[in-house]
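Below is final.tsv, holding TSV, C-alpha atoms.
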chain	number	residue	atom	x	y	z
A	1	MET	CA	89.43	108.67	93.77
A	2	PRO	CA	87.04	111.25	95.24
A	3	GLU	CA	85.57	110.35	98.61
A	4	PHE	CA	82.03	110.67	97.35
A	5	LEU	CA	82.50	107.21	95.82
A	6	LYS	CA	81.84	104.97	98.83
A	7	VAL	CA	84.20	102.00	98.46
A	8	ASP	CA	82.59	99.64	100.98
A	9	GLU	CA	79.12	100.40	99.63
A	10	VAL	CA	80.28	99.64	96.08
A	11	LEU	CA	82.01	96.42	97.15
A	12	SER	CA	78.88	95.26	98.99
A	13	ASN	CA	77.37	94.60	95.54
A	14	LEU	CA	79.91	91.83	94.91
A	15	ASP	CA	79.84	88.27	96.16
A	16	ILE	CA	83.32	88.23	97.77
A	17	LYS	CA	84.88	85.15	99.34
A	18	GLU	CA	88.16	85.30	101.28
A	19	ASP	CA	90.08	83.05	98.85
A	20	MET	CA	89.26	84.87	95.60
A	21	LEU	CA	91.63	86.28	93.00
A	22	VAL	CA	90.66	89.82	92.05
A	23	ALA	CA	92.02	92.61	89.83
A	24	GLU	CA	91.54	96.36	89.92
A	25	PHE	CA	92.08	97.88	86.47
A	26	GLY	CA	93.59	101.36	86.52
A	27	CYS	CA	94.13	101.16	90.25
A	28	GLY	CA	95.36	104.76	90.60
A	29	SER	CA	95.07	105.57	94.31
A	30	ALA	CA	94.12	101.89	94.82
A	31	VAL	CA	91.26	102.44	97.25
A	32	PHE	CA	89.58	99.29	95.94
A	33	THR	CA	92.82	97.28	95.92
A	34	ILE	CA	93.47	98.10	99.58
A	35	ALA	CA	89.87	97.40	100.67
A	36	LEU	CA	89.82	94.10	98.76
A	37	ALA	CA	93.20	92.97	100.05
A	38	LYS	CA	91.85	93.38	103.59
A	39	LYS	CA	88.78	91.24	102.74
A	40	LEU	CA	90.70	88.50	100.91
A	41	SER	CA	92.59	86.85	103.77
A	42	LYS	CA	93.35	83.77	101.63
A	43	GLY	CA	93.13	85.45	98.23
A	44	LYS	CA	95.08	87.98	96.20
A	45	VAL	CA	94.51	91.31	94.50
A	46	TYR	CA	96.22	92.34	91.28
A	47	ALA	CA	96.60	96.12	90.98
A	48	LEU	CA	97.05	97.16	87.35
A	49	ASP	CA	97.92	100.60	86.07
A	50	ILE	CA	99.75	102.30	83.20
A	51	GLN	CA	101.38	104.83	85.56
A	52	GLU	CA	104.46	103.57	87.36
A	53	GLU	CA	104.21	106.33	90.00
A	54	LYS	CA	100.76	105.10	91.09
A	55	LEU	CA	102.02	101.54	91.48
A	56	SER	CA	105.09	102.69	93.37
A	57	ALA	CA	102.92	104.70	95.78
A	58	LEU	CA	100.70	101.65	96.26
A	59	LYS	CA	103.71	99.49	97.20
A	60	GLY	CA	104.56	101.99	99.92
A	61	LYS	CA	100.97	102.15	101.23
A	62	MET	CA	100.67	98.35	101.33
A	63	SER	CA	104.01	97.98	103.08
A	64	HIS	CA	103.00	100.63	105.63
A	65	GLU	CA	99.71	98.78	106.32
A	66	ASN	CA	101.52	95.40	106.34
A	67	ILE	CA	99.40	94.03	103.48
A	68	ASN	CA	101.13	91.36	101.39
A	69	ASN	CA	98.40	89.62	99.38
A	70	PHE	CA	98.72	91.76	96.26
A	71	ASP	CA	100.75	92.03	93.08
A	72	ILE	CA	101.24	95.11	90.96
A	73	ILE	CA	101.33	95.01	87.18
A	74	LEU	CA	102.51	97.92	85.05
A	75	CYS	CA	100.55	97.56	81.81
A	76	ASP	CA	98.43	99.08	79.06
A	77	LEU	CA	94.96	97.59	79.38
A	78	GLU	CA	93.86	99.02	76.02
A	79	LYS	CA	96.18	96.60	74.20
A	80	PRO	CA	95.25	92.96	73.48
A	81	LYS	CA	96.26	90.77	76.45
A	82	GLY	CA	97.51	93.99	78.05
A	83	SER	CA	97.17	92.76	81.63
A	84	SER	CA	99.56	89.85	80.95
A	85	LEU	CA	97.37	87.68	83.20
A	86	HIS	CA	96.22	84.20	82.10
A	87	ASN	CA	92.86	83.48	80.46
A	88	ASN	CA	90.03	82.47	82.82
A	89	PHE	CA	92.17	83.28	85.88
A	90	LEU	CA	90.27	85.71	88.13
A	91	ASP	CA	87.06	85.59	90.16
A	92	ILE	CA	86.39	89.35	90.04
A	93	VAL	CA	87.56	92.21	87.81
A	94	LEU	CA	86.89	95.81	88.84
A	95	ILE	CA	87.03	98.57	86.24
A	96	PRO	CA	86.48	101.65	88.41
A	97	ASN	CA	86.35	105.10	86.95
A	98	ILE	CA	88.82	104.62	84.08
A	99	LEU	CA	86.75	104.11	80.94
A	100	PHE	CA	86.11	107.84	80.53
A	101	GLN	CA	89.89	108.28	80.09
A	102	ALA	CA	90.34	105.46	77.58
A	103	GLU	CA	90.37	105.57	73.81
A	104	ASN	CA	89.76	101.80	73.55
A	105	LYS	CA	86.92	101.30	76.05
A	106	TYR	CA	85.90	98.06	74.32
A	107	GLY	CA	89.46	96.70	74.58
A	108	ILE	CA	89.60	97.30	78.34
A	109	ILE	CA	86.30	95.51	78.95
A	110	GLU	CA	87.34	92.72	76.58
A	111	GLU	CA	90.58	92.23	78.56
A	112	GLY	CA	88.54	91.99	81.77
A	113	VAL	CA	86.37	89.28	80.21
A	114	ARG	CA	89.40	87.36	78.91
A	115	ILE	CA	91.02	86.98	82.32
A	116	LEU	CA	87.75	86.31	84.17
A	117	LYS	CA	86.71	82.75	85.05
A	118	SER	CA	83.36	81.43	83.91
A	119	GLY	CA	80.86	82.58	86.54
A	120	GLY	CA	83.20	85.45	87.48
A	121	GLN	CA	82.04	88.97	88.28
A	122	LEU	CA	82.98	92.08	86.34
A	123	LEU	CA	82.14	95.41	87.97
A	124	ILE	CA	82.29	98.65	86.02
A	125	ILE	CA	81.98	102.01	87.75
A	126	ASP	CA	82.05	105.24	85.80
A	127	TRP	CA	80.74	108.78	85.65
A	128	LEU	CA	76.97	109.11	85.37
A	129	LYS	CA	76.52	112.83	84.97
A	130	GLN	CA	78.26	116.14	84.90
A	131	GLY	CA	79.23	117.53	88.25
A	132	PRO	CA	81.93	119.61	89.89
A	133	PHE	CA	84.52	116.80	89.69
A	134	SER	CA	83.43	115.01	86.53
A	135	PRO	CA	85.44	114.92	83.31
A	136	LYS	CA	84.42	117.25	80.50
A	137	THR	CA	84.84	114.58	77.81
A	138	GLY	CA	84.99	110.81	77.35
A	139	MET	CA	82.08	109.76	79.54
A	140	ILE	CA	80.39	106.51	78.51
A	141	SER	CA	76.76	105.82	79.34
A	142	PRO	CA	75.51	102.68	81.08
A	143	GLN	CA	73.63	101.87	77.86
A	144	GLU	CA	76.85	101.93	75.82
A	145	ILE	CA	78.59	99.66	78.33
A	146	LYS	CA	75.64	97.25	78.29
A	147	LYS	CA	75.93	97.02	74.49
A	148	ILE	CA	79.67	96.23	74.72
A	149	ALA	CA	79.05	93.72	77.52
A	150	ASN	CA	76.35	92.01	75.50
A	151	THR	CA	78.68	91.54	72.51
A	152	LEU	CA	81.25	90.01	74.89
A	153	GLY	CA	78.74	87.52	76.34
A	154	LEU	CA	78.35	89.12	79.76
A	155	LEU	CA	75.10	88.93	81.70
A	156	LEU	CA	73.94	92.03	83.58
A	157	LYS	CA	73.33	91.04	87.22
A	158	LYS	CA	72.84	94.42	88.84
A	159	GLU	CA	72.76	98.14	88.10
A	160	PHE	CA	73.15	100.61	90.95
A	161	ALA	CA	74.07	104.17	91.89
A	162	ALA	CA	77.66	104.34	93.09
A	163	GLY	CA	77.44	107.73	94.73
A	164	ASP	CA	75.90	110.92	93.36
A	165	TYR	CA	78.00	111.07	90.19
A	166	HIS	CA	78.74	107.44	89.33
A	167	TYR	CA	76.89	104.32	88.25
A	168	GLY	CA	77.80	100.72	88.82
A	169	LEU	CA	77.14	97.81	86.49
A	170	LEU	CA	77.79	94.29	87.72
A	171	PHE	CA	78.10	91.59	85.08
A	172	MET	CA	78.71	87.85	85.21
A	173	LYS	CA	80.72	85.90	82.66
A	174	GLU	CA	78.85	82.83	81.43
Starting from the file, give its structure as structure tokens.
Amino acid sequence: MPEFLKVDEVLSNLDIKEDMLVAEFGCGSAVFTIALAKKLSKGKVYALDIQEEKLSALKGKMSHENINNFDIILCDLEKPKGSSLHNNFLDIVLIPNILFQAENKYGIIEEGVRILKSGGQLLIIDWLKQGPFSPKTGMISPQEIKKIANTLGLLLKKEFAAGDYHYGLLFMKE
């Protein structure tokens, strides 16, 4: 993930407690997974990705940093129940910078809602505008995400800039 996306600044928008269960969808370089694992001294982070190489690299990073409160899950989040996690299981789901790559954007958000506890937080970060690093296709506007979230019963809690090229939308599951 490019450095212009400030991880700690983004995470400051969440209400994080040390015993929470959290997932990062499409963890890739896992900058959020690592930062969250360090904050969740009594909790756990689930790092989910469709690319085995990314998850393998994460295992090495976590071992090197002596971080043990995480699990990795190789999965396709665009498929129904793709995460393989239980219903109403997690306190927070992060969907950072992956929707622009997905064909089934609705399915990914729906999976996040399924595994989120009532009162849980769902944070979506994605590309806001064209820039030197942004994708040429697939971008989804905050308005489109709000429509999807509304149909899934999510309440918008906060909207914020997540760097110069990204937006953040924080929802709560009723």
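Proximity of A:Pro142, A:Gly153, A:Gly112, A:Gly60 to Trp127 (chain A), computed with all atoms listed in the file, is greatest for A:Pro142.
Here the question is which of A:Val93, A:Asn13, A:Leu74, A:Gln51 gets nearest to Phe25 (chain A) using all atoms listed in the file, and that residue is A:Val93.
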Next on the checklist: Report, in Å with one decimal, the straight-line distance from CA of Leu5 (chain A) to CA of Asn150 (chain A).
Outcome noted: 26.1 Å
Checklist outcome for this item: Here CA of His166 (chain A) and CA of Ile125 (chain A) stand apart by 6.5 Å
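Among the candidate residues A:Lys42, A:Leu21, A:Lys61, A:Asn66, the one lying nearest to Leu85 (chain A) is A:Leu21, with distances computed using only C-alpha atoms.
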Next on the checklist: Can you tell me which residues surround Lys158 (chain A) at a distance of at most 7 Å, considering only C-alpha atoms, apart from same-chain residues fewer than 2 positions away, and format the answer as a PyMOL selection string?
Outcome noted: chain A and resi 156+160+169-170
Convert the current residue selection to file output with C-alpha atoms, as an mmCIF file, in the coordinates of the input.
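Result file follows (result_13.cif):
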data_model
loop_
_atom_site.group_PDB
_atom_site.id
_atom_site.type_symbol
_atom_site.label_atom_id
_atom_site.label_comp_id
_atom_site.auth_asym_id
_atom_site.auth_seq_id
_atom_site.Cartn_x
_atom_site.Cartn_y
_atom_site.Cartn_z
ATOM 1 C CA LEU A 156 73.940 92.030 83.580
ATOM 2 C CA PHE A 160 73.150 100.610 90.950
ATOM 3 C CA LEU A 169 77.140 97.810 86.490
ATOM 4 C CA LEU A 170 77.790 94.290 87.720
#
Item to check | Distance criterion (only C-alpha atoms): nearest to Gln101 (chain A) out of A:Gly138, A:Gly43, A:Gly120, A:Gly28 | outcome: A:Gly138
Checklist outcome for this item: Min atom-atom distance to Glu65 (chain A) from the set A:Asp49, A:Ala102, A:Leu77, A:Ile34, counting all atoms listed in the file, belongs to A:Ile34
For region 72-110 of chain A in the structure I just supplied, write out C-alpha atoms - as an mmCIF file, in the first residue's frame.
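Writing done, so here's selection.cif:
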data_model
loop_
_atom_site.group_PDB
_atom_site.id
_atom_site.type_symbol
_atom_site.label_atom_id
_atom_site.label_comp_id
_atom_site.auth_asym_id
_atom_site.auth_seq_id
_atom_site.Cartn_x
_atom_site.Cartn_y
_atom_site.Cartn_z
ATOM 1 C CA ILE A 72 -4.291 -15.844 7.868
ATOM 2 C CA ILE A 73 -7.088 -17.025 5.615
ATOM 3 C CA LEU A 74 -6.628 -17.751 1.917
ATOM 4 C CA CYS A 75 -10.034 -17.008 0.395
ATOM 5 C CA ASP A 76 -12.147 -15.380 -2.299
ATOM 6 C CA LEU A 77 -14.157 -12.638 -0.624
ATOM 7 C CA GLU A 78 -16.337 -12.128 -3.705
ATOM 8 C CA LYS A 79 -17.979 -15.522 -3.135
ATOM 9 C CA PRO A 80 -20.837 -16.060 -0.641
ATOM 10 C CA LYS A 81 -19.376 -16.844 2.811
ATOM 11 C CA GLY A 82 -15.966 -16.478 1.158
ATOM 12 C CA SER A 83 -14.121 -15.562 4.341
ATOM 13 C CA SER A 84 -15.157 -18.853 6.005
ATOM 14 C CA LEU A 85 -15.570 -16.936 9.285
ATOM 15 C CA HIS A 86 -18.703 -17.332 11.440
ATOM 16 C CA ASN A 87 -21.702 -14.997 11.296
ATOM 17 C CA ASN A 88 -21.679 -12.101 13.790
ATOM 18 C CA PHE A 89 -18.103 -12.905 14.841
ATOM 19 C CA LEU A 90 -15.955 -9.769 14.487
ATOM 20 C CA ASP A 91 -15.867 -6.335 16.102
ATOM 21 C CA ILE A 92 -14.246 -4.555 13.146
ATOM 22 C CA VAL A 93 -13.886 -5.308 9.424
ATOM 23 C CA LEU A 94 -11.508 -3.250 7.287
ATOM 24 C CA ILE A 95 -11.902 -3.220 3.520
ATOM 25 C CA PRO A 96 -8.903 -1.117 2.487
ATOM 26 C CA ASN A 97 -8.212 -0.300 -1.114
ATOM 27 C CA ILE A 98 -9.545 -3.496 -2.710
ATOM 28 C CA LEU A 99 -12.999 -2.669 -4.051
ATOM 29 C CA PHE A 100 -11.595 -1.008 -7.174
ATOM 30 C CA GLN A 101 -10.102 -4.406 -8.126
ATOM 31 C CA ALA A 102 -13.255 -6.427 -7.495
ATOM 32 C CA GLU A 103 -15.968 -7.490 -9.893
ATOM 33 C CA ASN A 104 -18.405 -8.220 -7.044
ATOM 34 C CA LYS A 105 -18.021 -5.118 -4.869
ATOM 35 C CA TYR A 106 -21.442 -5.730 -3.296
ATOM 36 C CA GLY A 107 -20.473 -9.311 -2.378
ATOM 37 C CA ILE A 108 -17.326 -8.189 -0.560
ATOM 38 C CA ILE A 109 -19.202 -5.609 1.516
ATOM 39 C CA GLU A 110 -21.994 -8.121 2.161
#
